[in-house]
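Worksheet: the structure to be examined is printed underneath.
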Amino acid sequence: MKSCFTGWSPGTRTSRRTMRESFTFRLNGCYEALAGGSTVEGFEDFTGGISEFYDLKKPPANLYQIIRKALCAGSLLGCSIDVSSAAEAEAITSQKLVKSHAYSVTGVEEVNFQGHPEKLIRLRNPWGEVEWSGAWSDDAPEWNHIDPRRKEELDKKVEDGEFWMSLSDFVRQFSRLEICNLSPDSLSSEEVHKWNLVLFNGHWTRGSTAGGCQNYPATYWTNPQFKIRLDEVDEDQEESIGEPCCTVLLGLMQKNRRWRKRIGQGMLSIGYAVYQVPKELESHTDAHLGRDFFLAYQPSARTSTYVNLREVSGRARLPPGEYLVVPSTFEPFKDGEFCLRVFSEKKAQALEIGDVVAGNPYEPHPSEVDQEDDQFRRLFEKLAGKDSEITANALKILLNEAFSKRTDIKFDGFNINTCREMISLLDSNGMGTLGAVEFKTLWLKIQKYLEIYWETDYNHSGTIDAHEMRTALRKAGFTLNSQVQQTIALRYACSKLGINFDSFVACMIRLETLFKLFSLLDEDKDGMVQLSLAEWLCCVLV
């Protein structure tokens with residue numbers, strides 16, 4: 001059996017607390033930030049690692065292997081005994097264990113005891129005294145029934161606070177186990193197995209990427225989505241565990257909430273879910289997987305509950321394949337920043353879904369534009385000037401008259417700036433007016449946008465919600481990343497996150513104009529343009 005030891009010890013409670021208080025004071029500027037907190041947060045603050053928590057009343061079947069691998073990886077392990085009241089804190093049990101006290105786990109071993117394997121765990125009391133007096137303690141008779149060489153190797157009779165106990169006693173006596181798994185840059189030793197780390201930073205933004213949990217299927221799919229690919233299974237898997245799998249640790253941390261507390265915003269309730277991606281969708285990376293996917297598939301792993309902690313984390317064993325990780329708040333429309341960390345035993349490929357920006361807007365077929373339409377011709381002649389051209393003011397009158405009579409859409413009227421931009425998009429001669437063919441093209445475009453607007457308005461309310469814009473934009477030929485989606489929600493949605501038809505069309509026309517401008521400026525077609533200040537001003541003032 002390979003030994004796995006670590007010399008880490010949390011030291012005395014006083015020194016550890018003093019160090020963390022000093023660190024937190026310097027980082028945050030005041031002692032208010034010390035209110036609350038936990039051992040795992042202390043681990044993470046000092047190491048940058050990711051923590052996981054185990055309730056020893058319901059331990060996993062492979063607890064011993066988890067502890068052994070954690071020690072081999074140089075992780076920090078702590079355990080404690082819960083108390084029911086403050087009066088029990090630091091009370092000593094009949095077998096010399098201290099309640100509500102931070103013990104460190106420093107080693108595990110398996111020995112042959114009376115012909116049967118016995119799993120042992122080594123703990124340390126940071127006080128340096130008061131040691132466990134039960135089975136496998138320093139003077140326990142169990143040591144006389146194992147190989148003398150193993151006894152000499154393991155049974156060090158020193159009152160140093162370090163002692164052995166059986167894994168079964170450990171689970172019975174202790175309440176919780178906390179493991180802080182270190183990131184690759186936390187470890188300097190080449191002898192330990194290092195986790196591989198993938199890190200994402202993101203935002204939940206009201207109206208675009210703050211979709212809430214699975215209880216809200218209409219918006220859940222709009223949350224940020226990250227894809228990871230697991231190809232290599234873990235080494236040294238126990239036969240009893242089942243099929244070969246890949247172990248991953250996921251940690252979702254909400255950022256800057258301590259600062260937001262000063263303005264009355266507490267911690268959000270957060271969680272994540274992991275979905276296995278079917279083969280036919282493995283190449284799908286340019287746009288978010290939609291509502292239908294999440295209605296059809298259940299998570300392969302997820303947080304057990306949404307909690308308002310700084311970080312939620314967990315361990316998952318997944319068969320090789322592609323997986324989608326969806327971090328979310330419990331309720332939709334909650335703004336927040338987050339950091340998602342994925343630790344894996346083997347290297348994992350990862351990317352953010354929907355990080356592509358592309359545009360292929362609808363263009364009417366020439367036959368549609370050239371088709372004779374007496375009603376349309378009379379309408380154009382009525383508003384066109386002597387030069388058979390329509391100005392922005394005339395266009396505004398015509399369009400507002402046409403759409404204000406409709407009862408199936410919420411319409412507040414196009415403003416003059418939107419009408420000028422419509423003309424700018426299609427004005428081929430640069431006169432600031434539209435001829436008959438140009439006006440017919442614009443009219444067909446608006447009719448197409450009306451069709452998309454109807455299709456996206458699922459509840460037939462006459463308006464679409466900001467989170468539905470992702471679907472509408474895709475139907476209109478635009479693939480946009482989360483940052484652009486957030487900008488659109490801020491610019492075109494009302495305070496109740498609704499988007500009227502006039503705002504919708506204004507958004508479509510603006511996007512068409514911007515994509516057209518970029519295409520003209522991108523002479524090398526490499527997706528990059530370089531502009532002087534004057535050129536930039538001309539572009540944004542169009």
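Starting from 1 in every chain, residues are counted up; chains themselves are A, B, ... following the order of the structure tokens, and ligands are numbered from 1 as listed.
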Among stretch 350-466 of chain A, which residues carry a DSSP assignment of alpha helix (DSSP H), reported as a ChimeraX atom specification? /A:366-370,374-383,392-403,416-426,436-456
Per residue of stretch 132-185 of chain A within 12 Å of stretch 340-351 of chain A, note the shortest atom pair and the distance in Å to one decimal, counting only C-alpha atoms, and order the rows by chain and increasing residue number, as a tab-separated table.
```
residue	atom	partner	partner_atom	distance
A:Cys180	CA	A:Phe343	CA	11.7
A:Asn181	CA	A:Phe343	CA	8.7
A:Leu182	CA	A:Phe343	CA	9.4
A:Ser183	CA	A:Phe343	CA	7.9
A:Pro184	CA	A:Phe343	CA	9.5
```
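Excluding A:Leu250 itself and same-chain residues fewer than 3 positions from it, the residues having an atom within 10 Å of it are Ile50, Ser51, Glu52, Leu197, Val198, Thr247, Met253, Tyr272, Ala273, Val274, Arg302, Thr303, Val312, Ser313, Gly314, Arg315, Ala316, Val325, Leu340, Arg341, Val342, Phe343 and Ser344 of chain A, counting only C-alpha atoms.
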Generate a file of the selected residues that holds C-alpha atoms, formatted as a compact mmCIF listing (two decimals), in the first residue's frame.
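Final file, out-v3.txt:
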```txt
# COMPACT_ATOMS: atom_id res chain seq x y z
CA ILE A 50 -11.08 24.96 -4.03
CA SER A 51 -12.85 23.44 -1.05
CA GLU A 52 -15.33 20.64 -0.67
CA LEU A 197 -7.49 23.85 -13.49
CA VAL A 198 -9.83 25.63 -15.91
CA THR A 247 -13.24 13.10 -11.38
CA MET A 253 -17.84 31.66 -6.38
CA TYR A 272 -24.71 24.95 -10.85
CA ALA A 273 -25.77 21.98 -12.97
CA VAL A 274 -23.75 19.73 -15.28
CA ARG A 302 -25.61 19.48 -9.68
CA THR A 303 -25.42 21.30 -6.39
CA VAL A 312 -20.60 26.39 -3.57
CA SER A 313 -18.53 23.41 -4.66
CA GLY A 314 -18.77 19.70 -5.18
CA ARG A 315 -17.16 16.60 -6.62
CA ALA A 316 -18.52 14.68 -9.59
CA VAL A 325 -21.86 23.52 -16.99
CA LEU A 340 -16.34 29.17 -12.11
CA ARG A 341 -13.42 26.81 -11.46
CA VAL A 342 -13.18 23.27 -12.80
CA PHE A 343 -10.47 21.04 -11.31
CA SER A 344 -9.84 17.73 -13.03
```
What is the atom CA of A:Ser85-atom CA of A:Leu97 distance in Å, reported with one decimal? 16.9 Å
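Considering only C-alpha atoms, the residue among A:Thr106, A:Ser75, A:Thr471, A:Gln254 positioned nearest to A:Ile121 is A:Thr106.
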Please, which residues in stretch 179-281 of chain A fall within 12 Å of stretch 487-509 of chain A when counting only C-alpha atoms, and what is the closest atom pair and distance in Å to one decimal for each, ordered by chain then residue number, as a Markdown table?
```
| residue | atom | partner | partner_atom | distance |
| --- | --- | --- | --- | --- |
| A:Thr205 | CA | A:Ala489 | CA | 9.0 |
| A:Arg206 | CA | A:Ala489 | CA | 8.2 |
| A:Gly207 | CA | A:Ala489 | CA | 5.9 |
| A:Ser208 | CA | A:Ala489 | CA | 6.3 |
| A:Thr209 | CA | A:Ala489 | CA | 9.9 |
| A:Ala210 | CA | A:Ala489 | CA | 11.5 |
```
Residue with smallest distance to A:Glu368 - pool A:Lys445, A:Lys386, A:Lys334, A:Lys255, counting only C-alpha atoms: A:Lys445
Residues near stretch 438-444 of chain A, cut-off 8 Å, only C-alpha atoms, skip fewer than 3 positions along chain, as a ChimeraX atom specification: /A:364,369,390,422,426-427,434-435,447-448
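If you measure from each of A:Leu289, A:Leu425, A:Cys246, A:Ile452 to A:Lys227 using only C-alpha atoms, the closest one turns out to be A:Leu289.
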Which residues come within 10 Å of A:Asp139, counting only C-alpha atoms, excluding same-chain residues fewer than 5 positions away, as a PDB file with C-alpha atoms, in the first residue's frame?
```
ATOM      1  CA  SER A 133      -7.783   7.298  23.604  1.00  0.00           C
ATOM      2  CA  GLY A 134      -9.888   4.754  21.683  1.00  0.00           C
ATOM      3  CA  ASN A 144      -0.027  -5.794  18.869  1.00  0.00           C
ATOM      4  CA  ASP A 155       2.923   3.829  16.118  1.00  0.00           C
ATOM      5  CA  LYS A 156       4.951   6.790  17.380  1.00  0.00           C
ATOM      6  CA  LYS A 157       4.212   7.156  21.094  1.00  0.00           C
TER       7      LYS A 157
END
```
Test item: residues at most 6 Å from stretch 266-270 of chain A, only C-alpha atoms, excluding those fewer than 6 positions along its chain, as a PyMOL selection string: chain A and resi 257+306-308+328-330
